[in-house]
Amino acid sequence: KEAIEAASSNTEVLNIPDAETLATVLNGGFQTTISDPRLKVSYEPNYVPVVPPQMPPLPPEQLIAVLQTSIKLDILDGNIGYLRIDHIIGEEVADKIGNLLLELVWNKILPTSALIFDLRYTSTGDVSGIPYIVSYFTEAEPLIHIDTVYDRPLNTTTKLWSMPTLLGERYGLTKPLIILTSKNTKGIAEDVAYCLRSLKRASIVGEKTAGGSVKIDKIKVGETDFYITVPTAKSINPITGSSWEVTGVTP
């Protein structure tokens, strides 16, 4: 409260003539007070909002080409599977291309004796994809409460559960699962890694993850070219009672 009052009475920043410098000063003030790197002030006169990519109605051969650019698959010595995913797809896309994923990727992974799941380059994803991935490494029954997401603008709390039915077979509980992480592992990918680690289903190897958020919005400040980037949803793991946000997932 004292910090907010002090900041409110500090009108000197309004005398800064350069907008980019003002954004930098405000950023520094935020970090001194709040210490949350996800919260940012920026001055972007040419900012164009990012529109989430939609899955176009492509013919099968083009869909295969799209998948092969974002998913890498290999079978290593000792019958160890290697799977790299750079974007975690959501429920809607999974429903459209699930059979293709099964044929091109998952059915080749299933016979392996262990799996290396590479999330080192995964910085985007859809929250509805979390139950899909986690469920392939758990049993069908009993259902597991794997995550809770609170959405601040909507003021809603959503519980994420493992799925009783899936396309194709599950990898099971007994085969080793190694998840590779890096400082570039961000957001939804962090949630997947944290859920599987909390369930004691996976070992995390690599670097501490970014400590992002399940949902971050960029909000325009009035009629200016200033923007505030702020997390607008929060993940709470029901097993640990805490979150990977800000702190990241530690190997």
# chains A, B, ... in the order shown; residues from 1 in each chain; ligands from 1

call {"tool": "residues_around", "arguments": {"residues": "region 125-135 of chain A", "least_positions_apart": "2", "cutoff": "7 Å", "atoms": "only C-alpha atoms", "output": "list in words"}}
result
His87, Ile88, Ile89, Gly90, Glu91, Phe137, Thr138, Leu160, Trp161, Ser162, Met163, Ile188, Val192, Leu196 and Val214 of chain A

call {"tool": "select_by_dssp", "arguments": {"residues": "region 52-235 of chain A", "states": "alpha helix (DSSP H)", "output": "JSON, numbers by chain"}}
result
{"A": [60, 61, 62, 63, 64, 65, 66, 67, 68, 69, 70, 91, 92, 93, 94, 95, 96, 97, 98, 99, 100, 101, 107, 108, 109, 130, 131, 132, 133, 134, 135, 188, 189, 190, 191, 192, 193, 194, 195, 196, 197, 198]}

call {"tool": "residues_around", "arguments": {"residues": "region 218-221 of chain A", "least_positions_apart": "6", "cutoff": "10 Å", "atoms": "only C-alpha atoms", "output": "PyMOL selection string"}}
result
chain A and resi 39-44+47+49-50+227-232

call {"tool": "residues_around", "arguments": {"residues": "Thr157 (chain A)", "least_positions_apart": "4", "cutoff": "10 Å", "atoms": "only C-alpha atoms", "output": "PyMOL selection string"}}
result
chain A and resi 148-152+233-235

call {"tool": "atom_distance", "arguments": {"atom1": "CA of Lys208 (chain A)", "atom2": "CA of Arg120 (chain A)"}}
result
10.2 Å

call {"tool": "residues_around", "arguments": {"residues": "region 180-186 of chain A", "least_positions_apart": "6", "cutoff": "10 Å", "atoms": "only C-alpha atoms", "output": "compact mmCIF listing (two decimals) with all heavy atoms, in the first residue's frame"}}
result
# COMPACT_ATOMS: atom_id res chain seq x y z
N ARG A 84 9.65 -34.43 -30.12
CA ARG A 84 9.76 -32.97 -29.88
C ARG A 84 8.51 -32.30 -30.43
O ARG A 84 8.14 -32.48 -31.59
CB ARG A 84 11.01 -32.41 -30.56
CG ARG A 84 11.06 -30.88 -30.55
CD ARG A 84 12.33 -30.37 -31.20
NE ARG A 84 12.15 -28.98 -31.66
CZ ARG A 84 13.09 -28.27 -32.26
NH1 ARG A 84 14.29 -28.80 -32.46
NH2 ARG A 84 12.84 -27.04 -32.67
N ASP A 86 6.80 -28.43 -30.70
CA ASP A 86 7.09 -27.00 -30.52
C ASP A 86 5.85 -26.17 -30.23
O ASP A 86 5.96 -25.00 -29.86
CB ASP A 86 7.81 -26.45 -31.75
CG ASP A 86 9.21 -27.03 -31.90
OD1 ASP A 86 9.66 -27.73 -30.97
OD2 ASP A 86 9.86 -26.80 -32.93
N ILE A 116 11.70 -39.95 -24.52
CA ILE A 116 12.25 -38.63 -24.24
C ILE A 116 11.31 -37.62 -24.90
O ILE A 116 11.16 -37.61 -26.13
CB ILE A 116 13.68 -38.48 -24.80
CG1 ILE A 116 14.62 -39.48 -24.12
CG2 ILE A 116 14.18 -37.05 -24.61
CD1 ILE A 116 15.98 -39.58 -24.78
N PHE A 117 10.67 -36.80 -24.09
CA PHE A 117 9.67 -35.83 -24.55
C PHE A 117 10.31 -34.45 -24.49
O PHE A 117 10.52 -33.90 -23.42
CB PHE A 117 8.44 -35.93 -23.65
CG PHE A 117 7.24 -35.18 -24.13
CD1 PHE A 117 7.12 -34.74 -25.44
CD2 PHE A 117 6.19 -34.90 -23.25
CE1 PHE A 117 6.01 -34.06 -25.88
CE2 PHE A 117 5.07 -34.20 -23.67
CZ PHE A 117 4.98 -33.78 -24.99
N ASP A 118 10.65 -33.90 -25.65
CA ASP A 118 11.44 -32.68 -25.73
C ASP A 118 10.53 -31.44 -25.79
O ASP A 118 9.88 -31.18 -26.80
CB ASP A 118 12.34 -32.73 -26.97
CG ASP A 118 13.40 -31.65 -26.97
OD1 ASP A 118 13.30 -30.71 -26.15
OD2 ASP A 118 14.35 -31.74 -27.79
N LEU A 119 10.52 -30.67 -24.68
CA LEU A 119 9.74 -29.43 -24.62
C LEU A 119 10.65 -28.21 -24.53
O LEU A 119 10.22 -27.14 -24.11
CB LEU A 119 8.80 -29.46 -23.41
CG LEU A 119 7.70 -30.54 -23.41
CD1 LEU A 119 6.88 -30.46 -22.12
CD2 LEU A 119 6.79 -30.39 -24.62
N ARG A 120 11.90 -28.35 -24.96
CA ARG A 120 12.86 -27.26 -24.81
C ARG A 120 12.54 -26.05 -25.69
O ARG A 120 12.99 -24.94 -25.42
CB ARG A 120 14.28 -27.75 -25.13
CG ARG A 120 14.86 -28.69 -24.08
CD ARG A 120 16.22 -29.21 -24.50
NE ARG A 120 16.13 -30.02 -25.71
CZ ARG A 120 17.19 -30.50 -26.36
NH1 ARG A 120 18.40 -30.22 -25.93
NH2 ARG A 120 17.02 -31.24 -27.44
N TYR A 121 11.77 -26.28 -26.75
CA TYR A 121 11.49 -25.19 -27.70
C TYR A 121 9.99 -24.86 -27.74
O TYR A 121 9.53 -24.18 -28.65
CB TYR A 121 11.97 -25.59 -29.10
CG TYR A 121 13.39 -26.13 -29.09
CD1 TYR A 121 13.63 -27.51 -29.04
CD2 TYR A 121 14.48 -25.28 -29.10
CE1 TYR A 121 14.92 -28.02 -29.00
CE2 TYR A 121 15.78 -25.77 -29.06
CZ TYR A 121 15.99 -27.14 -29.01
OH TYR A 121 17.27 -27.63 -28.97
N THR A 122 9.25 -25.33 -26.75
CA THR A 122 7.79 -25.17 -26.76
C THR A 122 7.40 -23.93 -25.96
O THR A 122 7.44 -23.93 -24.74
CB THR A 122 7.12 -26.43 -26.14
OG1 THR A 122 7.79 -27.60 -26.62
CG2 THR A 122 5.66 -26.50 -26.53
N SER A 123 7.02 -22.89 -26.69
CA SER A 123 6.68 -21.62 -26.03
C SER A 123 5.24 -21.19 -26.27
O SER A 123 4.80 -20.17 -25.75
CB SER A 123 7.63 -20.51 -26.50
OG SER A 123 7.54 -20.36 -27.91
N THR A 124 4.49 -21.98 -27.05
CA THR A 124 3.09 -21.64 -27.32
C THR A 124 2.23 -22.89 -27.14
O THR A 124 2.72 -24.02 -27.20
CB THR A 124 2.89 -21.11 -28.76
OG1 THR A 124 3.35 -22.12 -29.70
CG2 THR A 124 3.65 -19.83 -28.98
N GLY A 125 0.94 -22.66 -26.91
CA GLY A 125 0.05 -23.79 -26.74
C GLY A 125 -1.33 -23.37 -26.28
O GLY A 125 -1.57 -22.20 -25.95
N ALA A 193 4.68 -30.18 -18.05
CA ALA A 193 5.83 -30.73 -17.33
C ALA A 193 5.57 -30.79 -15.83
O ALA A 193 5.88 -31.79 -15.17
CB ALA A 193 7.08 -29.89 -17.62
N SER A 203 10.37 -37.61 -15.16
CA SER A 203 11.56 -36.94 -14.63
C SER A 203 11.88 -35.77 -15.54
O SER A 203 11.84 -35.90 -16.77
CB SER A 203 12.75 -37.91 -14.58
OG SER A 203 12.46 -39.01 -13.74
N ILE A 204 12.19 -34.62 -14.94
CA ILE A 204 12.50 -33.41 -15.70
C ILE A 204 14.01 -33.27 -15.79
O ILE A 204 14.70 -33.30 -14.77
CB ILE A 204 11.89 -32.16 -15.05
CG1 ILE A 204 10.42 -32.38 -14.69
CG2 ILE A 204 12.05 -30.95 -15.97
CD1 ILE A 204 9.48 -32.52 -15.82
N VAL A 205 14.52 -33.08 -17.01
CA VAL A 205 15.96 -32.96 -17.23
C VAL A 205 16.23 -31.71 -18.06
O VAL A 205 15.53 -31.46 -19.05
CB VAL A 205 16.53 -34.20 -17.95
CG1 VAL A 205 18.01 -34.02 -18.28
CG2 VAL A 205 16.32 -35.45 -17.11
N GLY A 206 17.23 -30.92 -17.67
CA GLY A 206 17.59 -29.74 -18.46
C GLY A 206 17.70 -28.50 -17.61
O GLY A 206 18.25 -28.53 -16.52
N GLU A 207 17.16 -27.38 -18.14
CA GLU A 207 17.22 -26.10 -17.45
C GLU A 207 15.88 -25.79 -16.78
O GLU A 207 14.85 -26.34 -17.14
CB GLU A 207 17.50 -24.97 -18.45
CG GLU A 207 18.84 -25.03 -19.13
CD GLU A 207 18.98 -23.91 -20.16
OE1 GLU A 207 18.19 -23.85 -21.11
OE2 GLU A 207 19.90 -23.09 -19.99
N LYS A 208 15.93 -24.88 -15.80
CA LYS A 208 14.69 -24.37 -15.21
C LYS A 208 13.90 -23.63 -16.29
O LYS A 208 14.47 -22.90 -17.09
CB LYS A 208 15.02 -23.43 -14.05
CG LYS A 208 13.81 -23.05 -13.22
CD LYS A 208 14.25 -22.54 -11.87
CE LYS A 208 14.07 -21.07 -11.79
NZ LYS A 208 14.25 -20.53 -10.45
N THR A 209 12.58 -23.82 -16.29
CA THR A 209 11.74 -23.24 -17.34
C THR A 209 11.51 -21.73 -17.10
O THR A 209 11.91 -21.18 -16.07
CB THR A 209 10.39 -23.97 -17.43
OG1 THR A 209 9.69 -23.79 -16.18
CG2 THR A 209 10.58 -25.45 -17.69
N ALA A 210 10.82 -21.09 -18.04
CA ALA A 210 10.72 -19.63 -18.08
C ALA A 210 9.95 -19.02 -16.91
O ALA A 210 10.20 -17.88 -16.52
CB ALA A 210 10.08 -19.20 -19.40
N GLY A 211 8.97 -19.76 -16.35
CA GLY A 211 8.12 -19.18 -15.31
C GLY A 211 7.12 -18.21 -15.90
O GLY A 211 6.97 -17.08 -15.44
N GLY A 212 6.44 -18.67 -16.96
CA GLY A 212 5.46 -17.82 -17.65
C GLY A 212 4.08 -17.92 -17.02
O GLY A 212 3.94 -17.93 -15.80
N SER A 213 3.06 -18.02 -17.86
CA SER A 213 1.68 -18.06 -17.38
C SER A 213 0.83 -18.85 -18.35
O SER A 213 1.17 -18.97 -19.53
CB SER A 213 1.12 -16.64 -17.25
OG SER A 213 -0.23 -16.67 -16.85
N VAL A 214 -0.29 -19.40 -17.87
CA VAL A 214 -1.19 -20.12 -18.77
C VAL A 214 -1.87 -19.15 -19.74
O VAL A 214 -2.27 -19.53 -20.83
CB VAL A 214 -2.28 -20.91 -18.01
CG1 VAL A 214 -1.73 -22.18 -17.43
CG2 VAL A 214 -2.97 -20.07 -16.95
N GLU A 245 4.18 -20.92 -12.15
CA GLU A 245 4.24 -19.57 -12.70
C GLU A 245 5.23 -18.70 -11.92
O GLU A 245 5.36 -18.84 -10.71
CB GLU A 245 2.84 -18.94 -12.70
CG GLU A 245 1.89 -19.69 -13.62
CD GLU A 245 0.49 -19.11 -13.63
OE1 GLU A 245 0.08 -18.50 -12.63
OE2 GLU A 245 -0.19 -19.26 -14.64
N GLY A 248 8.94 -21.02 -12.35
CA GLY A 248 9.37 -22.01 -13.32
C GLY A 248 9.35 -23.42 -12.77
O GLY A 248 9.09 -23.64 -11.58
N VAL A 249 9.61 -24.40 -13.65
CA VAL A 249 9.69 -25.81 -13.25
C VAL A 249 11.17 -26.18 -13.13
O VAL A 249 11.93 -26.02 -14.07
CB VAL A 249 9.00 -26.73 -14.29
CG1 VAL A 249 9.04 -28.19 -13.84
CG2 VAL A 249 7.56 -26.28 -14.54
N THR A 250 11.55 -26.64 -11.96
CA THR A 250 12.95 -26.97 -11.71
C THR A 250 13.22 -28.44 -12.03
O THR A 250 12.47 -29.31 -11.59
CB THR A 250 13.31 -26.71 -10.23
OG1 THR A 250 13.01 -25.35 -9.93
CG2 THR A 250 14.79 -26.97 -9.97
N PRO A 251 14.26 -28.74 -12.83
CA PRO A 251 14.57 -30.15 -13.14
C PRO A 251 14.88 -30.94 -11.88
O PRO A 251 15.38 -30.38 -10.91
CB PRO A 251 15.81 -30.05 -14.04
CG PRO A 251 15.76 -28.65 -14.60
CD PRO A 251 15.15 -27.81 -13.55

call {"tool": "select_by_dssp", "arguments": {"residues": "region 45-155 of chain A", "states": "strand (DSSP E)", "output": "list in words"}}
result
Ile71, Lys72, Leu73, Asp74, Ile75, Leu76, Ile80, Gly81, Tyr82, Leu83, Arg84, Ile85, His87, Ile88, Ala114, Leu115, Ile116, Phe117, Asp118, Thr124, Gly125, His145, Ile146, Asp147, Thr148, Val149, Tyr150 and Asp151 of chain A

call {"tool": "write_last_selection", "arguments": {"atoms": "N, CA, C and O atoms", "output": "compact mmCIF listing (two decimals), in the first residue's frame"}}
result
# COMPACT_ATOMS: atom_id res chain seq x y z
N ILE A 71 6.52 -31.03 -35.31
CA ILE A 71 6.71 -32.25 -34.52
C ILE A 71 7.88 -33.03 -35.09
O ILE A 71 7.96 -33.26 -36.30
N LYS A 72 8.81 -33.43 -34.23
CA LYS A 72 9.94 -34.23 -34.68
C LYS A 72 9.94 -35.55 -33.91
O LYS A 72 9.76 -35.57 -32.69
N LEU A 73 10.16 -36.62 -34.62
CA LEU A 73 10.04 -37.97 -34.07
C LEU A 73 11.24 -38.80 -34.47
O LEU A 73 11.71 -38.72 -35.60
N ASP A 74 11.75 -39.59 -33.52
CA ASP A 74 12.87 -40.48 -33.83
C ASP A 74 12.82 -41.68 -32.89
O ASP A 74 12.28 -41.59 -31.78
N ILE A 75 13.35 -42.79 -33.33
CA ILE A 75 13.52 -43.97 -32.47
C ILE A 75 15.02 -44.17 -32.29
O ILE A 75 15.74 -44.46 -33.25
N LEU A 76 15.50 -43.99 -31.08
CA LEU A 76 16.94 -44.05 -30.78
C LEU A 76 17.36 -45.46 -30.41
O LEU A 76 16.52 -46.37 -30.26
N ILE A 80 14.40 -46.45 -27.63
CA ILE A 80 13.96 -45.26 -26.88
C ILE A 80 13.36 -44.26 -27.86
O ILE A 80 13.99 -43.88 -28.86
N GLY A 81 12.14 -43.85 -27.59
CA GLY A 81 11.47 -42.88 -28.45
C GLY A 81 11.91 -41.47 -28.13
O GLY A 81 12.22 -41.14 -26.98
N TYR A 82 11.94 -40.62 -29.16
CA TYR A 82 12.23 -39.20 -28.99
C TYR A 82 11.12 -38.42 -29.68
O TYR A 82 10.85 -38.64 -30.87
N LEU A 83 10.47 -37.52 -28.94
CA LEU A 83 9.37 -36.74 -29.49
C LEU A 83 9.54 -35.27 -29.10
O LEU A 83 9.60 -34.94 -27.92
N ARG A 84 9.65 -34.43 -30.12
CA ARG A 84 9.76 -32.97 -29.88
C ARG A 84 8.51 -32.30 -30.43
O ARG A 84 8.14 -32.48 -31.59
N ILE A 85 7.85 -31.51 -29.58
CA ILE A 85 6.66 -30.75 -29.98
C ILE A 85 6.92 -29.27 -29.68
O ILE A 85 7.23 -28.92 -28.55
N HIS A 87 4.66 -26.74 -30.42
CA HIS A 87 3.41 -26.07 -30.10
C HIS A 87 2.42 -27.12 -29.60
O HIS A 87 2.24 -28.16 -30.23
N ILE A 88 1.81 -26.86 -28.45
CA ILE A 88 0.83 -27.81 -27.90
C ILE A 88 -0.56 -27.44 -28.42
O ILE A 88 -1.10 -26.39 -28.09
N ALA A 114 10.91 -46.61 -23.69
CA ALA A 114 10.99 -45.38 -22.89
C ALA A 114 10.84 -44.21 -23.84
O ALA A 114 11.03 -44.36 -25.05
N LEU A 115 10.51 -43.03 -23.28
CA LEU A 115 10.28 -41.87 -24.15
C LEU A 115 10.99 -40.63 -23.61
O LEU A 115 10.89 -40.32 -22.43
N ILE A 116 11.70 -39.95 -24.52
CA ILE A 116 12.25 -38.63 -24.24
C ILE A 116 11.31 -37.62 -24.90
O ILE A 116 11.16 -37.61 -26.13
N PHE A 117 10.67 -36.80 -24.09
CA PHE A 117 9.67 -35.83 -24.55
C PHE A 117 10.31 -34.45 -24.49
O PHE A 117 10.52 -33.90 -23.42
N ASP A 118 10.65 -33.90 -25.65
CA ASP A 118 11.44 -32.68 -25.73
C ASP A 118 10.53 -31.44 -25.79
O ASP A 118 9.88 -31.18 -26.80
N THR A 124 4.49 -21.98 -27.05
CA THR A 124 3.09 -21.64 -27.32
C THR A 124 2.23 -22.89 -27.14
O THR A 124 2.72 -24.02 -27.20
N GLY A 125 0.94 -22.66 -26.91
CA GLY A 125 0.05 -23.79 -26.74
C GLY A 125 -1.33 -23.37 -26.28
O GLY A 125 -1.57 -22.20 -25.95
N HIS A 145 -7.64 -35.26 -11.01
CA HIS A 145 -7.71 -33.80 -11.08
C HIS A 145 -6.28 -33.30 -11.26
O HIS A 145 -5.47 -33.38 -10.33
N ILE A 146 -5.96 -32.81 -12.47
CA ILE A 146 -4.56 -32.51 -12.77
C ILE A 146 -4.19 -31.03 -12.65
O ILE A 146 -3.02 -30.69 -12.48
N ASP A 147 -5.19 -30.14 -12.76
CA ASP A 147 -4.87 -28.72 -12.68
C ASP A 147 -6.15 -27.91 -12.45
O ASP A 147 -7.25 -28.38 -12.75
N THR A 148 -5.99 -26.72 -11.90
CA THR A 148 -7.10 -25.78 -11.75
C THR A 148 -6.65 -24.44 -12.32
O THR A 148 -5.57 -23.96 -11.98
N VAL A 149 -7.46 -23.86 -13.21
CA VAL A 149 -7.11 -22.59 -13.84
C VAL A 149 -8.17 -21.54 -13.50
O VAL A 149 -9.36 -21.73 -13.77
N TYR A 150 -7.70 -20.45 -12.89
CA TYR A 150 -8.59 -19.33 -12.58
C TYR A 150 -8.38 -18.25 -13.64
O TYR A 150 -7.26 -17.80 -13.87
N ASP A 151 -9.48 -17.85 -14.30
CA ASP A 151 -9.45 -16.80 -15.31
C ASP A 151 -9.97 -15.51 -14.69
O ASP A 151 -11.15 -15.44 -14.33

call {"tool": "residues_around", "arguments": {"residues": "Asn10 (chain A)", "least_positions_apart": "5", "cutoff": "12 Å", "atoms": "only C-alpha atoms", "output": "ChimeraX atom specification"}}
result
/A:3-5,15,26,29

call {"tool": "atom_distance", "arguments": {"atom1": "CA of Ala140 (chain A)", "atom2": "CA of Arg197 (chain A)"}}
result
18.3 Å

call {"tool": "closest_residue", "arguments": {"among": "A:Thr158, A:Ala94, A:Tyr171, A:Ser243", "to": "Lys108 (chain A)", "atoms": "only C-alpha atoms"}}
result
A:Tyr171

call {"tool": "closest_residue", "arguments": {"among": "A:Pro111, A:Ser8, A:Leu104, A:Asn99", "to": "Arg170 (chain A)", "atoms": "only C-alpha atoms"}}
result
A:Pro111

call {"tool": "residues_around", "arguments": {"residues": "Val25 (chain A)", "least_positions_apart": "4", "cutoff": "10 Å", "atoms": "only C-alpha atoms", "output": "ChimeraX atom specification"}}
result
/A:13,16,19-21,29-30,41
